[in-house]
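Q: Shown below is the structure under consideration.
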Amino acid sequence: MESHGAVRVDWDREATAVGGVAVARKRQRQFFRSADDQSSSRPAVSFLDITCISSRVDVKAMTALLKGGSLEQAHSLVGLQCNVAPAWSQKVLELTAPHLKGLQAVSPLQRHLDRILVMPHLQALCLTNVTGQQARQVSQMASLRRLELHCPLDAPLPELLLPRAVPPAGLRWLRCGVEPLVTALALVQAHASTLEELQLVTASVDPAGCPDLVTELKRCSLKNLHRVVLLRHTAYGEQCRHDHPSCKDQLQRLWLMFGESDLFADILCSECDKAELSKSGP
Ligand SMILES: [Zn+2]
């Protein structure tokens, strides 16, 4: 996945267009703060963004981070580029593991994932360049409430058969940009009892990645859904096929379908509802 090594998780197209670091960081911060809000009366999150340090081998900076004491204080860690210096990334995960509640990592190797899977307090996780095995494993993490997964078009995941999460375990929030769409839907179905918000990368016009998105989502039997956001671009900056008439039709059909289950959820499109999404956050 070297060619995707520098990708940032950033759904905001305007932010991408201008480089977007500040906006993307703000959104990441919101993502993890939301996770942190779900528990307790802990003091303010210690948020650590190590994108600049982990994206290239800089011996002094990397050593200073390991010895500086900040990792032991971090509750949220963003920008861990796992494949640049895998052993160093492993050490970062070991030092943060006891307290970490939110993590965003790119290109994790299996050894990194094995460490992530046993983090006792992890509630929010974002992985880019994820593999099928890794998606299956993190989907079953009992502590997770928020999960975001991405894979590039040229490295699709296998179809997954996943056990259904049993409450109180289960995701409340899922942002899914994995290929093929049926695999994304398997993740949705596994968390159908608890999922409150679903953000899904998909096109508004055929082929949308599955024969009929509305029918497929109906089959998931979601129980607590409050909001759906259809994302019209990938984390890698690629645009999904989209036009306004087909989008309006797709959103209406979804709203009617969920209404049949007494779920009158907000159904939004990242292109058509930009203003509303910018107000309400990621
Ligand atoms: Zn739209």
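Identifiers in this document derive from the order of the structure tokens: chains are assigned A, B, ..., residues are numbered from 1 separately in each chain, and ligands are numbered from 1 in order of occurrence.
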Within 8 Å of ligand 1, counting only C-alpha atoms and all ligand atoms, which protein or nucleic acid residues do you find, written as a ChimeraX atom specification?

A: /A:204,230,232,242-244,246-248,268-273

Q: Thr194 of chain A: which residues within 10 Å, counting only C-alpha atoms, same-chain residues fewer than 4 positions away excluded, as a ChimeraX atom specification?

A: /A:145,165-173,188,190,222-225

Q: What does the file look like for those residues with C-alpha atoms, as a PDB file, in the first residue's frame?

A:
```pdb
ATOM      1  CA  ARG A 145     -18.469   2.734  19.711  1.00  0.00           C
ATOM      2  CA  ALA A 165     -22.798  -7.508  17.905  1.00  0.00           C
ATOM      3  CA  VAL A 166     -24.874  -7.983  21.037  1.00  0.00           C
ATOM      4  CA  PRO A 167     -25.689  -4.853  23.068  1.00  0.00           C
ATOM      5  CA  PRO A 168     -24.271  -3.224  25.076  1.00  0.00           C
ATOM      6  CA  ALA A 169     -21.398  -3.998  22.677  1.00  0.00           C
ATOM      7  CA  GLY A 170     -21.817  -2.647  19.175  1.00  0.00           C
ATOM      8  CA  LEU A 171     -21.018   0.481  17.205  1.00  0.00           C
ATOM      9  CA  ARG A 172     -23.083   3.643  17.513  1.00  0.00           C
ATOM     10  CA  TRP A 173     -21.344   5.402  14.624  1.00  0.00           C
ATOM     11  CA  VAL A 188     -23.606  -2.367   8.937  1.00  0.00           C
ATOM     12  CA  ALA A 190     -23.255  -6.729  12.221  1.00  0.00           C
ATOM     13  CA  LEU A 222     -31.350  -1.383  11.631  1.00  0.00           C
ATOM     14  CA  LYS A 223     -33.020  -0.692  14.979  1.00  0.00           C
ATOM     15  CA  ASN A 224     -31.801   2.672  16.290  1.00  0.00           C
ATOM     16  CA  LEU A 225     -30.724   4.655  13.277  1.00  0.00           C
TER      17      LEU A 225
END
```

Q: List every residue of segment 57-183 of chain A that DSSP, applied to the backbone of this structure, assigns to strand (DSSP E or B), and report them as a list in words.

A: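 These are the residues in question: Ser76, Leu77, Val78, Gly79, Leu80, Gln81, Gly102, Leu103, Gln104, Ala105, Val106, Ala124, Leu125, Cys126, Leu127, Thr128, Arg146, Leu147, Glu148, Leu149, His150, Trp173, Leu174, Arg175, Cys176 and Gly177 of chain A.
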
Q: So how far away is atom CA of Val130 of chain A from atom CA of Ala155 of chain A, in Å?

A: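 Pair atom CA of Ala155 of chain A / atom CA of Val130 of chain A returns 9.1 Å.
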
Q: With only C-alpha atoms as the basis for distance, which of A:Ala265, A:Leu109, A:Glu238, A:Thr202 is at the shortest distance from Gln250 of chain A?

A: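 Smallest distance to Gln250 of chain A is found for A:Thr202.
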
Q: When you look at segment 87-90 of chain A with a cut-off of 12 Å (counting only C-alpha atoms), what residues show up, excluding the ones that are within fewer than 2 positions of it in the same chain? I need them as JSON, numbers by chain.

A: {"A": [50, 51, 53, 54, 55, 56, 57, 58, 59, 61, 62, 63, 64, 65, 66, 67, 71, 77, 79, 80, 81, 82, 83, 84, 85, 92, 93, 94, 95, 96, 97, 105, 106, 107, 108, 109, 110, 111, 112, 113, 114, 115, 116]}

Q: Could you save those same residues with C-alpha atoms as a tab-separated table (two decimals), in the first residue's frame?

A:
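What landed in again_25.tsv:
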```tsv
chain	number	residue	atom	x	y	z
A	50	ILE	CA	1.71	12.92	15.29
A	51	THR	CA	1.15	13.12	11.52
A	53	ILE	CA	6.51	12.91	12.98
A	54	SER	CA	5.22	9.57	11.72
A	55	SER	CA	5.01	10.33	8.00
A	56	ARG	CA	8.78	10.13	7.39
A	57	VAL	CA	11.78	8.73	9.19
A	58	ASP	CA	13.15	11.49	11.38
A	59	VAL	CA	15.29	9.78	13.97
A	61	ALA	CA	11.83	13.55	16.34
A	62	MET	CA	10.77	9.94	16.59
A	63	THR	CA	13.10	9.27	19.51
A	64	ALA	CA	12.02	12.45	21.27
A	65	LEU	CA	8.38	11.44	21.01
A	66	LEU	CA	9.06	8.05	22.57
A	67	LYS	CA	10.98	9.59	25.46
A	71	LEU	CA	2.40	9.41	24.65
A	77	LEU	CA	-3.83	9.77	18.97
A	79	GLY	CA	-1.80	10.47	12.38
A	80	LEU	CA	0.03	7.24	13.10
A	81	GLN	CA	1.51	6.18	9.76
A	82	CYS	CA	2.29	2.60	10.64
A	83	ASN	CA	4.31	1.47	7.63
A	84	VAL	CA	7.03	4.14	7.64
A	85	ALA	CA	8.88	2.80	10.68
A	92	VAL	CA	4.01	4.20	20.06
A	93	LEU	CA	1.06	1.86	20.35
A	94	GLU	CA	2.57	0.11	23.36
A	95	LEU	CA	3.16	3.39	25.20
A	96	THR	CA	-0.33	4.73	24.51
A	97	ALA	CA	-2.21	1.46	24.94
A	105	ALA	CA	-3.86	5.05	11.96
A	106	VAL	CA	-2.87	4.47	8.34
A	107	SER	CA	-1.60	1.19	6.84
A	108	PRO	CA	-1.43	-0.86	10.03
A	109	LEU	CA	0.48	-4.12	9.79
A	110	GLN	CA	-1.04	-7.10	11.53
A	111	ARG	CA	1.38	-6.71	14.45
A	112	HIS	CA	0.02	-3.18	14.97
A	113	LEU	CA	-3.53	-4.40	14.81
A	114	ASP	CA	-2.83	-7.12	17.33
A	115	ARG	CA	-1.79	-4.38	19.77
A	116	ILE	CA	-4.83	-2.25	18.97
```

Q: Could you find all residues in segment 173-261 of chain A that DSSP calls helix (DSSP H, G or I) from the backbone, and write them as a PyMOL selection string?

A: chain A and resi 181-190+213-219+244-260

Q: May I ask for the distance between atom CA of Leu122 of chain A and atom CA of Lys91 of chain A, given in Å to one decimal place?

A: 17.0 Å

Q: Extract, using only C-alpha atoms, all DNA, RNA and protein residues at most 8 Å from His121 of chain A, discarding same-chain residues fewer than 2 positions from it, and format them as a PyMOL selection string.

A: chain A and resi 98-101+119+123+143

Q: Calculated over only C-alpha atoms, which of the candidates A:Leu198, A:Asp206, A:Met141, A:Gln104 has the smallest distance to Val118 of chain A?

A: A:Met141

Q: At a cut-off of 12 Å, using only C-alpha atoms, what residues contact segment 183-186 of chain A? Leave out same-chain residues fewer than 4 positions from it and give the result as a PyMOL selection string.

A: chain A and resi 131-133+135-136+139+147-151+156-165+174-179+190-192+198-202+209-210+212-222
